$ cat work-v7.txt   # compact mmCIF, C-alpha atoms
# COMPACT_ATOMS: atom_id res chain seq x y z
CA MET T 1 80.70 112.85 112.65
CA GLY T 2 78.34 110.77 110.52
CA GLU T 3 78.42 107.07 109.78
CA PHE T 4 81.88 105.58 109.35
CA ALA T 5 83.18 105.43 105.77
CA PRO T 6 86.70 105.12 104.31
CA ASN T 7 86.58 108.83 103.45
CA ASN T 8 84.65 109.84 106.59
CA THR T 9 86.57 108.51 109.55
CA PRO T 10 86.31 109.55 113.22
CA PHE T 11 89.95 110.69 113.21
CA PRO T 12 92.20 111.81 110.33
CA PRO T 13 93.83 109.04 108.27
CA LEU T 14 97.58 108.79 107.78
CA THR T 15 98.65 110.71 104.68
CA ALA T 16 102.01 111.82 103.32
CA ALA T 17 103.09 115.07 104.98
CA ARG T 18 104.17 117.62 102.38
CA ASP T 19 107.08 118.66 104.57
CA GLY T 20 108.42 115.10 104.53
CA SER T 21 108.13 114.75 108.29
CA ASN T 22 106.35 111.40 108.62
CA PHE T 23 106.81 107.74 107.76
CA THR T 24 103.96 107.87 105.24
CA TYR T 25 105.87 110.48 103.24
CA THR T 26 109.11 108.50 103.50
CA SER T 27 107.27 105.41 102.30
CA LEU T 28 105.71 107.14 99.30
CA HIS T 29 108.78 109.16 98.40
CA ASP T 30 111.50 106.56 98.99
CA ARG T 31 110.61 103.09 100.28
CA VAL T 32 107.76 102.09 97.96
CA PRO T 33 109.29 103.50 94.73
CA HIS T 34 112.39 101.50 95.69
CA ILE T 35 110.25 98.35 95.93
CA LEU T 36 108.67 99.06 92.54
CA THR T 37 112.13 99.62 91.03
CA ASP T 38 113.20 96.24 92.41
CA VAL T 39 110.16 94.63 90.78
CA ILE T 40 111.10 96.19 87.43
CA ASN T 41 114.76 95.17 87.73
CA ASP T 42 113.97 91.60 88.78
CA PHE T 43 111.44 91.28 85.98
CA TYR T 44 113.98 92.59 83.48
CA ALA T 45 116.33 89.79 84.57
CA ALA T 46 113.51 87.26 84.09
CA ILE T 47 112.85 88.62 80.60
CA GLN T 48 116.52 88.37 79.72
CA ALA T 49 116.58 84.76 80.87
CA SER T 50 113.56 83.79 78.74
CA GLN T 51 114.07 81.88 75.48
CA ASP T 52 110.52 82.61 74.31
CA ALA T 53 110.52 85.52 71.85
CA ALA T 54 106.83 86.24 72.41
CA ALA T 55 107.31 86.29 76.18
CA VAL T 56 110.26 88.65 75.81
CA ALA T 57 108.25 91.01 73.59
CA GLU T 58 105.32 91.01 75.99
CA GLY T 59 107.68 91.44 78.92
CA LYS T 60 108.92 94.71 77.46
CA GLN T 61 105.33 95.96 77.27
CA LEU T 62 104.69 94.98 80.87
CA THR T 63 107.87 96.76 81.94
CA ALA T 64 106.55 99.92 80.31
CA GLN T 65 103.31 99.58 82.31
CA LEU T 66 105.25 99.20 85.55
CA SER T 67 107.35 102.25 84.68
CA GLN T 68 104.15 104.20 83.99
CA LEU T 69 102.86 103.22 87.42
CA LYS T 70 106.06 104.47 89.03
CA HIS T 71 105.81 107.73 87.09
CA GLU T 72 102.23 108.28 88.27
CA MET T 73 103.30 107.64 91.85
CA VAL T 74 106.29 109.99 92.00
CA THR T 75 104.49 112.77 90.09
CA ASP T 76 101.38 112.56 92.31
CA LYS T 77 98.85 111.66 89.63
CA PRO T 78 95.26 110.57 90.54
CA LEU T 79 94.72 106.90 91.41
CA ALA T 80 93.51 105.39 88.14
CA ALA T 81 90.87 102.68 87.82
CA LEU T 82 92.26 99.13 87.75
CA ALA T 83 92.12 96.96 84.65
CA ASP T 84 90.33 93.64 85.13
CA ASP T 85 92.72 90.69 85.43
CA GLY T 86 90.00 88.09 86.02
CA VAL T 87 90.82 87.41 89.68
CA GLY T 88 87.33 88.50 90.72
CA ASP T 89 87.75 91.60 92.84
CA ILE T 90 88.37 94.45 90.38
CA ALA T 91 84.75 95.60 90.35
CA GLN T 92 84.92 96.02 94.13
CA TRP T 93 88.23 97.88 93.89
CA ASN T 94 86.99 100.30 91.23
CA SER T 95 83.67 100.87 93.00
CA TRP T 96 85.59 101.69 96.18
CA LEU T 97 87.87 104.10 94.31
CA ALA T 98 84.98 105.87 92.59
CA ARG T 99 82.82 106.09 95.71
CA TYR T 100 85.37 107.16 98.29
CA PHE T 101 88.48 108.46 96.53
CA ALA T 102 87.43 109.83 93.15
CA GLY T 103 90.17 112.16 91.94
CA ALA T 104 92.43 111.43 94.92
CA SER T 105 96.15 111.50 94.14
CA TRP T 106 98.95 109.47 95.66
CA TYR T 107 99.94 112.17 98.13
CA SER T 108 96.38 113.15 99.09
CA ALA T 109 94.98 109.62 99.49
CA PRO T 110 95.30 107.82 102.84
CA PHE T 111 98.28 105.51 103.34
CA LEU T 112 95.86 102.59 103.67
CA ALA T 113 94.39 103.48 100.26
CA TRP T 114 97.37 104.07 97.98
CA GLU T 115 99.70 101.37 99.33
CA PRO T 116 97.46 98.31 98.82
CA TYR T 117 96.26 99.91 95.57
CA MET T 118 99.84 99.85 94.29
CA TYR T 119 100.31 96.16 95.02
CA ARG T 120 96.94 95.30 93.47
CA ARG T 121 97.80 97.30 90.38
CA ILE T 122 101.17 95.55 89.98
CA ALA T 123 99.30 92.26 90.07
CA THR T 124 96.95 93.39 87.28
CA VAL T 125 99.93 94.08 85.02
CA PHE T 126 101.02 90.45 85.18
CA GLY T 127 97.55 88.98 85.63
CA ARG T 128 96.35 90.25 82.25
CA SER T 129 99.37 88.94 80.36
CA ALA T 130 99.55 85.86 78.15
CA HIS T 131 103.03 84.67 79.12
CA TRP T 132 103.66 86.05 82.62
CA ARG T 133 100.36 85.45 84.39
CA ALA T 134 101.85 82.93 86.84
CA TYR T 135 104.97 85.02 87.49
CA ASP T 136 105.40 85.84 91.18
CA PHE T 137 107.39 89.03 91.08
CA PHE T 138 108.40 88.64 94.73
CA ALA T 139 109.08 84.88 94.85
CA ALA T 140 112.85 84.99 94.35
CA ARG T 141 113.37 87.47 97.17
CA LYS T 142 111.20 85.47 99.57
CA ARG T 143 112.93 82.19 98.80
CA ASP T 144 116.48 83.52 98.66
CA THR T 145 116.02 85.19 102.04
CA PHE T 146 114.79 81.92 103.57
CA ARG T 147 117.60 79.86 102.05
CA ALA T 148 120.12 82.34 103.43
CA SER T 149 118.80 81.82 106.95
CA MET T 150 118.86 78.02 107.10
CA ALA T 151 121.16 77.98 110.12
CA ALA T 152 118.59 79.98 112.10
CA VAL T 153 115.79 77.83 110.63
CA ALA T 154 117.45 74.63 111.85
CA LYS T 155 118.14 76.10 115.29
CA LEU T 156 114.55 77.26 115.75
CA CYS T 157 113.03 74.00 114.46
CA ALA T 158 115.20 71.95 116.78
CA ARG T 159 114.18 74.13 119.73
CA VAL T 160 110.44 73.92 119.01
CA ASP T 161 110.70 70.18 118.36
CA ALA T 162 112.20 69.85 121.85
CA VAL T 163 109.47 72.07 123.35
CA VAL T 164 106.80 69.90 121.72
CA ARG T 165 108.32 66.73 123.16
CA GLU T 166 108.53 68.36 126.60
CA THR T 167 104.90 69.49 126.37
CA ARG T 168 103.72 66.01 125.46
CA ALA T 169 105.66 64.52 128.38
CA THR T 170 104.28 66.81 131.11
CA ASP T 171 101.00 67.38 132.90
CA SER T 172 102.31 70.60 134.44
CA LEU T 173 100.15 73.57 133.52
CA VAL T 174 103.03 75.90 134.35
CA LYS T 175 105.34 74.15 131.89
CA ARG T 176 102.65 74.16 129.18
CA HIS T 177 102.13 77.87 129.81
CA LEU T 178 105.85 78.61 129.46
CA ALA T 179 106.04 76.55 126.28
CA PHE T 180 103.08 78.42 124.78
CA VAL T 181 104.59 81.81 125.61
CA GLU T 182 107.84 80.80 123.91
CA VAL T 183 106.25 79.68 120.62
CA LEU T 184 103.74 82.54 120.59
CA GLN T 185 106.38 85.23 121.03
CA ALA T 186 108.61 83.62 118.41
CA SER T 187 105.66 83.87 116.00
CA LEU T 188 105.15 87.52 116.98
CA TRP T 189 108.75 88.60 116.42
CA GLY T 190 109.05 86.80 113.11
CA ASN T 191 107.43 89.91 111.64
CA GLN T 192 110.78 91.69 111.93
CA THR T 193 111.79 90.02 108.67
CA ASP T 194 109.10 91.83 106.63
CA LEU T 195 110.78 92.54 103.26
CA SER T 196 108.38 95.39 102.42
CA MET T 197 109.76 97.27 105.44
CA PHE T 198 113.41 96.30 104.86
CA PRO T 199 113.91 96.07 101.06
CA ASP T 200 117.71 96.17 101.48
CA LEU T 201 117.87 93.61 104.30
CA SER T 202 121.27 91.87 104.20
CA ASN T 203 121.86 88.26 105.17
CA GLU T 204 123.99 89.38 108.12
CA ARG T 205 121.28 91.74 109.40
CA LEU T 206 118.66 89.03 108.90
CA GLU T 207 120.61 86.49 110.94
CA GLU T 208 121.14 89.07 113.71
CA MET T 209 117.39 89.77 113.89
CA GLN T 210 116.57 86.06 113.86
CA ALA T 211 119.03 85.36 116.68
CA ARG T 212 117.26 87.93 118.86
CA ILE T 213 113.92 86.35 118.03
CA SER T 214 115.14 82.86 118.94
CA SER T 215 116.74 84.05 122.19
CA GLY T 216 113.59 85.77 123.49
CA GLU T 217 115.47 88.98 124.30
CA ASN T 218 112.79 91.11 122.60
CA SER T 219 110.13 90.35 125.22
CA ASP T 220 110.48 93.69 127.00
CA ARG T 221 109.82 95.57 123.74
CA ILE T 222 106.17 94.52 123.40
CA ALA T 223 104.02 97.66 123.67
CA ALA T 224 100.80 95.90 124.74
CA ASN T 225 101.31 92.37 125.97
CA ASP T 226 98.12 90.33 126.41
CA THR T 227 99.87 86.97 126.28
CA ASP T 228 98.31 85.86 129.58
CA ARG T 229 94.82 86.69 128.30
CA VAL T 230 95.49 84.67 125.16
CA TRP T 231 96.71 81.81 127.35
CA GLU T 232 93.43 81.90 129.26
CA VAL T 233 91.64 81.27 125.97
CA VAL T 234 94.09 78.60 124.81
CA GLN T 235 94.03 76.56 128.01
CA GLY T 236 90.24 76.42 127.78
CA VAL T 237 90.32 74.90 124.28
CA ARG T 238 90.62 71.18 123.65
CA ALA T 239 90.69 69.78 120.12
CA GLY T 240 89.37 73.09 118.84
CA ARG T 241 90.08 75.28 115.84
CA VAL T 242 92.65 78.05 115.52
CA ASP T 243 92.89 80.42 112.54
CA ILE T 244 96.05 82.34 111.63
CA VAL T 245 95.72 85.24 109.19
CA LEU T 246 99.23 85.16 107.80
CA ASP T 247 101.65 87.96 107.01
CA ASN T 248 105.17 87.24 105.76
CA ALA T 249 106.56 84.18 104.03
CA GLY T 250 109.92 82.69 104.93
CA PHE T 251 111.14 82.92 108.50
CA GLU T 252 107.94 84.45 109.90
CA LEU T 253 105.77 81.82 108.21
CA LEU T 254 108.05 79.15 109.64
CA GLN T 255 107.39 80.46 113.14
CA ASP T 256 103.65 80.63 112.51
CA VAL T 257 103.73 77.02 111.35
CA LEU T 258 105.79 76.03 114.41
CA LEU T 259 103.15 77.68 116.60
CA ALA T 260 100.48 75.63 114.80
CA HIS T 261 102.64 72.54 115.23
CA TRP T 262 102.71 73.10 118.99
CA LEU T 263 98.97 73.83 119.18
CA VAL T 264 98.15 70.51 117.51
CA ALA T 265 100.76 68.53 119.45
CA ALA T 266 99.53 70.00 122.76
CA GLY T 267 95.95 68.96 122.00
CA VAL T 268 94.69 72.54 121.83
CA ALA T 269 93.80 72.44 118.14
CA ALA T 270 92.34 69.62 116.08
CA GLN T 271 92.31 71.99 113.12
CA VAL T 272 94.42 74.98 112.11
CA VAL T 273 93.35 77.17 109.20
CA PHE T 274 95.99 79.38 107.60
CA HIS T 275 94.74 82.38 105.61
CA ALA T 276 97.13 83.35 102.82
CA LYS T 277 97.03 85.83 99.93
CA ARG T 278 95.79 84.79 96.49
CA ILE T 279 98.16 87.14 94.65
CA PRO T 280 101.72 88.37 95.35
CA TRP T 281 101.33 91.06 98.01
CA TYR T 282 103.49 93.48 100.01
CA VAL T 283 106.74 91.87 98.83
CA SER T 284 106.89 89.03 101.33
CA ASP T 285 103.28 88.13 102.16
CA VAL T 286 102.41 84.44 102.09
CA THR T 287 100.67 82.93 99.07
CA GLY T 288 99.48 79.33 98.88
CA ARG T 289 102.52 78.48 96.78
CA ASP T 290 104.81 80.00 99.42
CA PHE T 291 103.26 77.77 102.07
CA ASP T 292 103.69 74.65 99.95
CA TRP T 293 107.27 75.65 99.12
CA LEU T 294 108.13 76.03 102.81
CA VAL T 295 106.88 72.54 103.64
CA ALA T 296 108.62 71.05 100.57
CA THR T 297 111.86 72.80 101.56
CA LEU T 298 111.82 71.24 105.00
CA GLN T 299 110.97 67.84 103.50
CA ASP T 300 114.07 68.01 101.28
CA PRO T 301 116.33 70.97 102.17
CA GLN T 302 119.07 70.03 99.72
CA ALA T 303 116.70 69.82 96.75
CA ALA T 304 115.36 73.29 97.66
CA GLY T 305 118.86 74.77 97.44
CA ALA T 306 119.72 74.86 101.14
CA SER T 307 123.37 74.18 101.85
CA GLY T 308 125.75 73.94 104.79
CA LEU T 309 123.36 72.09 107.11
CA ALA T 310 124.68 69.56 109.58
CA ALA T 311 123.27 66.07 109.11
CA ALA T 312 121.41 66.21 112.43
CA ASP T 313 119.84 69.58 111.53
CA ALA T 314 118.75 68.31 108.13
CA ALA T 315 117.17 65.26 109.77
CA VAL T 316 115.12 67.48 112.11
CA LEU T 317 113.90 69.55 109.18
CA ARG T 318 112.96 66.49 107.11
CA ALA T 319 111.04 64.98 110.01
CA LEU T 320 109.06 68.18 110.60
CA GLY T 321 108.43 68.65 106.89
CA GLY T 322 107.03 65.14 106.68
CA GLN T 323 104.76 65.70 109.68
CA TRP T 324 103.47 68.96 108.23
CA ARG T 325 102.76 67.40 104.84
CA ARG T 326 100.68 64.70 106.57
CA LEU T 327 98.78 67.35 108.55
CA LEU T 328 97.96 69.14 105.29
CA ASP T 329 97.00 65.93 103.48
CA SER T 330 94.73 64.86 106.34
CA GLY T 331 92.96 68.23 106.54
CA VAL T 332 94.11 68.95 110.09
CA TRP T 333 95.83 71.95 108.53
CA ARG T 334 94.15 73.94 105.75
CA VAL T 335 95.45 76.82 103.65
CA GLN T 336 92.84 79.23 102.31
CA ASP T 337 93.34 82.36 100.18
CA GLU T 338 90.19 84.44 100.34
CA LEU T 339 90.11 87.53 98.11
CA PHE T 340 89.10 89.81 100.96
CA TRP T 341 92.66 89.91 102.29
CA THR T 342 93.90 91.67 99.13
CA GLY T 343 90.85 93.87 98.76
CA PRO T 344 90.49 97.58 99.53
CA LEU T 345 88.34 97.34 102.65
CA GLY T 346 89.21 97.46 106.33
CA PHE T 347 88.22 94.53 108.51
CA ARG T 348 85.20 96.31 109.98
CA TYR T 349 83.54 95.46 106.63
CA LEU T 350 84.05 91.69 106.98
CA PRO T 351 80.45 90.93 108.10
CA THR T 352 78.90 92.72 105.10
CA ALA T 353 81.54 92.49 102.34
CA ALA T 354 82.63 88.89 103.02
CA PRO T 355 79.83 87.24 105.03
CA ASP T 356 80.98 83.67 104.29
CA LEU T 357 84.50 84.42 105.49
CA TRP T 358 83.11 86.23 108.53
CA ALA T 359 80.94 83.24 109.44
CA ASP T 360 83.91 80.91 108.97
CA LEU T 361 86.13 82.99 111.27
CA CYS T 362 83.36 83.16 113.87
CA ALA T 363 83.41 79.36 114.00
CA SER T 364 87.01 79.43 115.24
CA ASP T 365 88.04 79.26 118.90
CA LEU T 366 90.92 81.69 118.33
CA VAL T 367 91.84 83.94 115.39
CA ILE T 368 95.38 85.33 115.25
CA PHE T 369 96.08 88.28 112.94
CA LYS T 370 99.76 88.61 112.03
CA GLY T 371 101.67 91.70 110.97
CA ASP T 372 101.30 95.44 110.64
CA LEU T 373 98.96 95.55 107.63
CA ASN T 374 96.42 93.32 109.36
CA TYR T 375 96.72 95.52 112.44
CA ARG T 376 96.26 98.66 110.34
CA LYS T 377 93.18 97.20 108.64
CA LEU T 378 91.73 96.27 112.02
CA ILE T 379 91.98 99.83 113.39
CA TYR T 380 91.75 101.61 110.02
CA ASP T 381 95.13 103.35 110.22
CA LEU T 382 93.91 106.58 111.80
CA HIS T 383 95.39 109.19 114.13
CA TRP T 384 93.68 107.63 117.13
CA PRO T 385 94.33 109.29 120.49
CA VAL T 386 97.08 107.25 122.11
CA SER T 387 94.81 106.43 125.06
CA THR T 388 92.17 104.74 122.83
CA PRO T 389 91.61 101.11 123.91
CA PHE T 390 92.26 98.63 121.11
CA VAL T 391 88.77 97.15 121.40
CA ASP T 392 87.29 100.61 120.79
CA ALA T 393 89.46 101.23 117.73
CA ILE T 394 88.37 98.05 116.01
$ encode --input "work-v7.txt" --output "structure tokens"
Amino acid sequence: MGEFAPNNTPFPPLTAARDGSNFTYTSLHDRVPHILTDVINDFYAAIQASQDAAAVAEGKQLTAQLSQLKHEMVTDKPLAALADDGVGDIAQWNSWLARYFAGASWYSAPFLAWEPYMYRRIATVFGRSAHWRAYDFFAARKRDTFRASMAAVAKLCARVDAVVRETRATDSLVKRHLAFVEVLQASLWGNQTDLSMFPDLSNERLEEMQARISSGENSDRIAANDTDRVWEVVQGVRAGRVDIVLDNAGFELLQDVLLAHWLVAAGVAAQVVFHAKRIPWYVSDVTGRDFDWLVATLQDPQAAGASGLAAADAAVLRALGGQWRRLLDSGVWRVQDELFWTGPLGFRYLPTAAPDLWADLCASDLVIFKGDLNYRKLIYDLHWPVSTPFVDAI
């Protein structure tokens, strides 16, 4: 085996099995076309609601482009070059396609090639438009899902607010350790509400999943649990910096922010840097606007469309929202949206493809990568032998 390259990996990449026997096939044949259909249907509703004749006319053209993308996917056409939408990364995308996957089709390309390619291509459709450039084709789903879970949101916020107060009031290392484990595992399990994995997730199913997260009953389902090793790092940091490479908006983002809230309140972090996506990505991934919306929603739940909250619960949310806005305004919290996160490359290319970002991450005391796509990009989504240590895979 020669030098590592996206098309020359030490073990075979995940591709769609022609016999339909693997998740990659199910994703390409069913799940992802379903997501693209939802994008088209939601956009059609937005077009119908528009009073701007020019926007409506252009919207019909964009719908045709999205339908063409779906046709290429389901008929296994080659991955076409991306049109430049001015974001700044299309040259890298097209160079990557030409160098490593020239002529590759949807079913022959690796999972980690065609799936992010699809989301980047959707973004180019809207990004090159005159009237729909700022349209977030996933925003309504992200926000509606969060609004529907406000009871769980209030319960979790009240619990973490109590944990923070308990942490501030104790010098017990054991109690601080237990508090950290609770907020860390809540952040971990928030990933269960990934809308790209559950496009048909009902409100009832969502609340059931969130109840399990809040109760801690999922702890015995962690495949590789290094919480104690992370705690060893955390307890050695005072007024340091923690970076969180975000995954999903909504309930998972809330739990990531609550983790950051605890880290600052406990004196571990004097700065937390959140890394979001610059463009809509993987249905529910966090953009900068999603982050701001979350904080604004907690500051004024009623104005954001939340209903049915008890007065005490609403007061807890408003208090936290106000604290978080001050942390953002003061620079204790920062939200960054580097292009690398929506690029084609795995994370092993960070030092060479994004040296400024790499240097910035190296300045952190702890970097937390959230979610399955970040995990896949760390290990390059290959058929690793199951005994391979994680540190070797990355």
$ closest_atom_pairs --input "work-v7.txt" --of "segment 102-207 of chain T" --to "segment 49-56 of chain T" --cutoff "9 Å" --atoms "all atoms listed in the file" --output "JSON lines"
{"residue": "T:Ala130", "atom": "CA", "partner": "T:Ala55", "partner_atom": "CA", "distance": 8.0}
{"residue": "T:His131", "atom": "CA", "partner": "T:Ala55", "partner_atom": "CA", "distance": 5.4}
{"residue": "T:Trp132", "atom": "CA", "partner": "T:Ala55", "partner_atom": "CA", "distance": 7.4}
$ write_last_selection --input "work-v7.txt" --atoms "C-alpha atoms" --output "mmCIF file, in the frame of the given file"
data_model
loop_
_atom_site.group_PDB
_atom_site.id
_atom_site.type_symbol
_atom_site.label_atom_id
_atom_site.label_comp_id
_atom_site.auth_asym_id
_atom_site.auth_seq_id
_atom_site.Cartn_x
_atom_site.Cartn_y
_atom_site.Cartn_z
ATOM 1 C CA ALA T 130 99.550 85.860 78.150
ATOM 2 C CA HIS T 131 103.030 84.670 79.120
ATOM 3 C CA TRP T 132 103.660 86.050 82.620
#
$ residues_around --input "work-v7.txt" --residues "Asp381 of chain T" --least-positions-apart "6" --cutoff "7 Å" --atoms "all atoms listed in the file" --output "MDAnalysis selection string"
chainID T and resid 13:14 112
$ closest_residue --input "work-v7.txt" --among "T:Pro6, T:Val332, T:Arg147, T:Ile90" --to "Gln302 of chain T" --atoms "all atoms listed in the file"
T:Arg147
$ residues_around --input "work-v7.txt" --residues "His177 of chain T" --least-positions-apart "6" --cutoff "9 Å" --atoms "all atoms listed in the file" --output "count of residues only"
3
$ residues_near_point --input "work-v7.txt" --point "(104.3, 67.6, 104.4)" --cutoff "10 Å" --atoms "all atoms listed in the file" --output "list in words"
Asp292, Leu294, Val295, Ala296, Thr297, Leu298, Gln299, Arg318, Ala319, Leu320, Gly321, Gly322, Gln323, Trp324, Arg325, Arg326, Leu327, Leu328 and Asp329 of chain T
$ closest_atom_pairs --input "work-v7.txt" --of "segment 149-173 of chain T" --to "segment 255-261 of chain T" --cutoff "12 Å" --atoms "only C-alpha atoms" --output "CSV"
residue,atom,partner,partner_atom,distance
T:Ala152,CA,T:Gln255,CA,11.3
T:Val153,CA,T:Gln255,CA,9.2
T:Ala154,CA,T:Gln255,CA,11.7
T:Lys155,CA,T:Gln255,CA,11.8
T:Leu156,CA,T:Gln255,CA,8.3
T:Cys157,CA,T:Leu258,CA,7.5
T:Ala158,CA,T:Leu258,CA,10.5
T:Arg159,CA,T:Leu258,CA,10.1
T:Val160,CA,T:Leu258,CA,6.9
T:Asp161,CA,T:Leu258,CA,8.6
T:Ala162,CA,T:Leu258,CA,11.6
T:Val163,CA,T:Leu258,CA,10.4
T:Val164,CA,T:His261,CA,8.1
T:Arg165,CA,T:His261,CA,11.4
T:Thr167,CA,T:His261,CA,11.8
$ atom_distance --input "work-v7.txt" --atom1 "atom CA of Ala17 of chain T" --atom2 "atom CA of Thr124 of chain T"
28.7 Å
$ residues_around --input "work-v7.txt" --residues "Leu366 of chain T" --least-positions-apart "2" --cutoff "10 Å" --atoms "only C-alpha atoms" --output "count of residues only"
17
$ closest_residue --input "work-v7.txt" --among "T:Val125, T:Ile394, T:Ala353, T:Leu382" --to "Glu58 of chain T" --atoms "only C-alpha atoms"
T:Val125
$ residues_around --input "work-v7.txt" --residues "Lys70 of chain T" --least-positions-apart "6" --cutoff "10 Å" --atoms "only C-alpha atoms" --output "short mmCIF file (atom, residue, chain, number, x, y, z; two decimals) with C-alpha atoms, in the coordinates of the input"
data_model
loop_
_atom_site.label_atom_id
_atom_site.label_comp_id
_atom_site.auth_asym_id
_atom_site.auth_seq_id
_atom_site.Cartn_x
_atom_site.Cartn_y
_atom_site.Cartn_z
CA VAL T 32 107.76 102.09 97.96
CA PRO T 33 109.29 103.50 94.73
CA HIS T 34 112.39 101.50 95.69
CA LEU T 36 108.67 99.06 92.54
CA THR T 37 112.13 99.62 91.03
CA ILE T 40 111.10 96.19 87.43
CA ALA T 64 106.55 99.92 80.31
CA ASP T 76 101.38 112.56 92.31
CA MET T 118 99.84 99.85 94.29
#
$ residues_around --input "work-v7.txt" --residues "Gly346 of chain T" --least-positions-apart "3" --cutoff "8 Å" --atoms "only C-alpha atoms" --output "VMD selection string"
chain T and resid 349 to 350 377 to 380
$ residues_near_point --input "work-v7.txt" --point "(103.8, 98.1, 95.0)" --cutoff "12 Å" --atoms "only C-alpha atoms" --output "compact mmCIF listing (two decimals) with C-alpha atoms, in the coordinates of the input"
# COMPACT_ATOMS: atom_id res chain seq x y z
CA SER T 27 107.27 105.41 102.30
CA LEU T 28 105.71 107.14 99.30
CA ARG T 31 110.61 103.09 100.28
CA VAL T 32 107.76 102.09 97.96
CA PRO T 33 109.29 103.50 94.73
CA HIS T 34 112.39 101.50 95.69
CA ILE T 35 110.25 98.35 95.93
CA LEU T 36 108.67 99.06 92.54
CA THR T 37 112.13 99.62 91.03
CA ASP T 38 113.20 96.24 92.41
CA VAL T 39 110.16 94.63 90.78
CA ILE T 40 111.10 96.19 87.43
CA LEU T 66 105.25 99.20 85.55
CA SER T 67 107.35 102.25 84.68
CA LEU T 69 102.86 103.22 87.42
CA LYS T 70 106.06 104.47 89.03
CA MET T 73 103.30 107.64 91.85
CA TRP T 114 97.37 104.07 97.98
CA GLU T 115 99.70 101.37 99.33
CA PRO T 116 97.46 98.31 98.82
CA TYR T 117 96.26 99.91 95.57
CA MET T 118 99.84 99.85 94.29
CA TYR T 119 100.31 96.16 95.02
CA ARG T 120 96.94 95.30 93.47
CA ARG T 121 97.80 97.30 90.38
CA ILE T 122 101.17 95.55 89.98
CA ALA T 123 99.30 92.26 90.07
CA THR T 124 96.95 93.39 87.28
CA VAL T 125 99.93 94.08 85.02
CA PHE T 137 107.39 89.03 91.08
CA PHE T 138 108.40 88.64 94.73
CA SER T 196 108.38 95.39 102.42
CA PRO T 199 113.91 96.07 101.06
CA PRO T 280 101.72 88.37 95.35
CA TRP T 281 101.33 91.06 98.01
CA TYR T 282 103.49 93.48 100.01
CA VAL T 283 106.74 91.87 98.83
CA SER T 284 106.89 89.03 101.33
$ closest_residue --input "work-v7.txt" --among "T:Asp136, T:Asp372, T:Asp356, T:Arg348" --to "Gly288 of chain T" --atoms "only C-alpha atoms"
T:Asp136
$ atom_distance --input "work-v7.txt" --atom1 "atom CA of Leu339 of chain T" --atom2 "atom CA of Pro12 of chain T"
27.3 Å
$ closest_residue --input "work-v7.txt" --among "T:Phe390, T:Asp89, T:Leu79, T:Val367" --to "Ala354 of chain T" --atoms "all atoms listed in the file"
T:Asp89
$ atom_distance --input "work-v7.txt" --atom1 "atom CA of Val74 of chain T" --atom2 "atom CA of Ile47 of chain T"
25.1 Å
$ closest_residue --input "work-v7.txt" --among "T:Ala104, T:Leu263, T:Val335, T:Val316" --to "Ala276 of chain T" --atoms "only C-alpha atoms"
T:Val335
$ build_atoms --input "work-v7.txt" --residues "segment 98-108 of chain T" --atoms "N, CA and C atoms" --output "PDB file, in the frame of the given file"
ATOM      1  N   ALA T  98      85.908 104.862  93.102  1.00  0.00           N
ATOM      2  CA  ALA T  98      84.980 105.870  92.590  1.00  0.00           C
ATOM      3  C   ALA T  98      84.110 106.461  93.705  1.00  0.00           C
ATOM      4  N   ARG T  99      83.734 105.637  94.662  1.00  0.00           N
ATOM      5  CA  ARG T  99      82.820 106.090  95.710  1.00  0.00           C
ATOM      6  C   ARG T  99      83.522 106.931  96.770  1.00  0.00           C
ATOM      7  N   TYR T 100      84.737 106.527  97.136  1.00  0.00           N
ATOM      8  CA  TYR T 100      85.370 107.160  98.290  1.00  0.00           C
ATOM      9  C   TYR T 100      86.572 108.045  97.926  1.00  0.00           C
ATOM     10  N   PHE T 101      87.241 107.748  96.815  1.00  0.00           N
ATOM     11  CA  PHE T 101      88.480 108.460  96.530  1.00  0.00           C
ATOM     12  C   PHE T 101      88.569 108.933  95.082  1.00  0.00           C
ATOM     13  N   ALA T 102      87.452 109.320  94.528  1.00  0.00           N
ATOM     14  CA  ALA T 102      87.430 109.830  93.150  1.00  0.00           C
ATOM     15  C   ALA T 102      88.325 111.060  93.059  1.00  0.00           C
ATOM     16  N   GLY T 103      89.281 111.028  92.137  1.00  0.00           N
ATOM     17  CA  GLY T 103      90.170 112.160  91.940  1.00  0.00           C
ATOM     18  C   GLY T 103      91.318 112.253  92.927  1.00  0.00           C
ATOM     19  N   ALA T 104      91.358 111.379  93.922  1.00  0.00           N
ATOM     20  CA  ALA T 104      92.430 111.430  94.920  1.00  0.00           C
ATOM     21  C   ALA T 104      93.771 111.062  94.271  1.00  0.00           C
ATOM     22  N   SER T 105      94.813 111.780  94.652  1.00  0.00           N
ATOM     23  CA  SER T 105      96.150 111.500  94.140  1.00  0.00           C
ATOM     24  C   SER T 105      96.930 110.687  95.170  1.00  0.00           C
ATOM     25  N   TRP T 106      98.134 110.291  94.777  1.00  0.00           N
ATOM     26  CA  TRP T 106      98.950 109.470  95.660  1.00  0.00           C
ATOM     27  C   TRP T 106      99.248 110.174  96.977  1.00  0.00           C
ATOM     28  N   TYR T 107      99.569 111.452  96.919  1.00  0.00           N
ATOM     29  CA  TYR T 107      99.940 112.170  98.130  1.00  0.00           C
ATOM     30  C   TYR T 107      98.732 112.651  98.944  1.00  0.00           C
ATOM     31  N   SER T 108      97.559 112.709  98.336  1.00  0.00           N
ATOM     32  CA  SER T 108      96.380 113.150  99.090  1.00  0.00           C
ATOM     33  C   SER T 108      95.582 111.976  99.645  1.00  0.00           C
TER      34      SER T 108
END
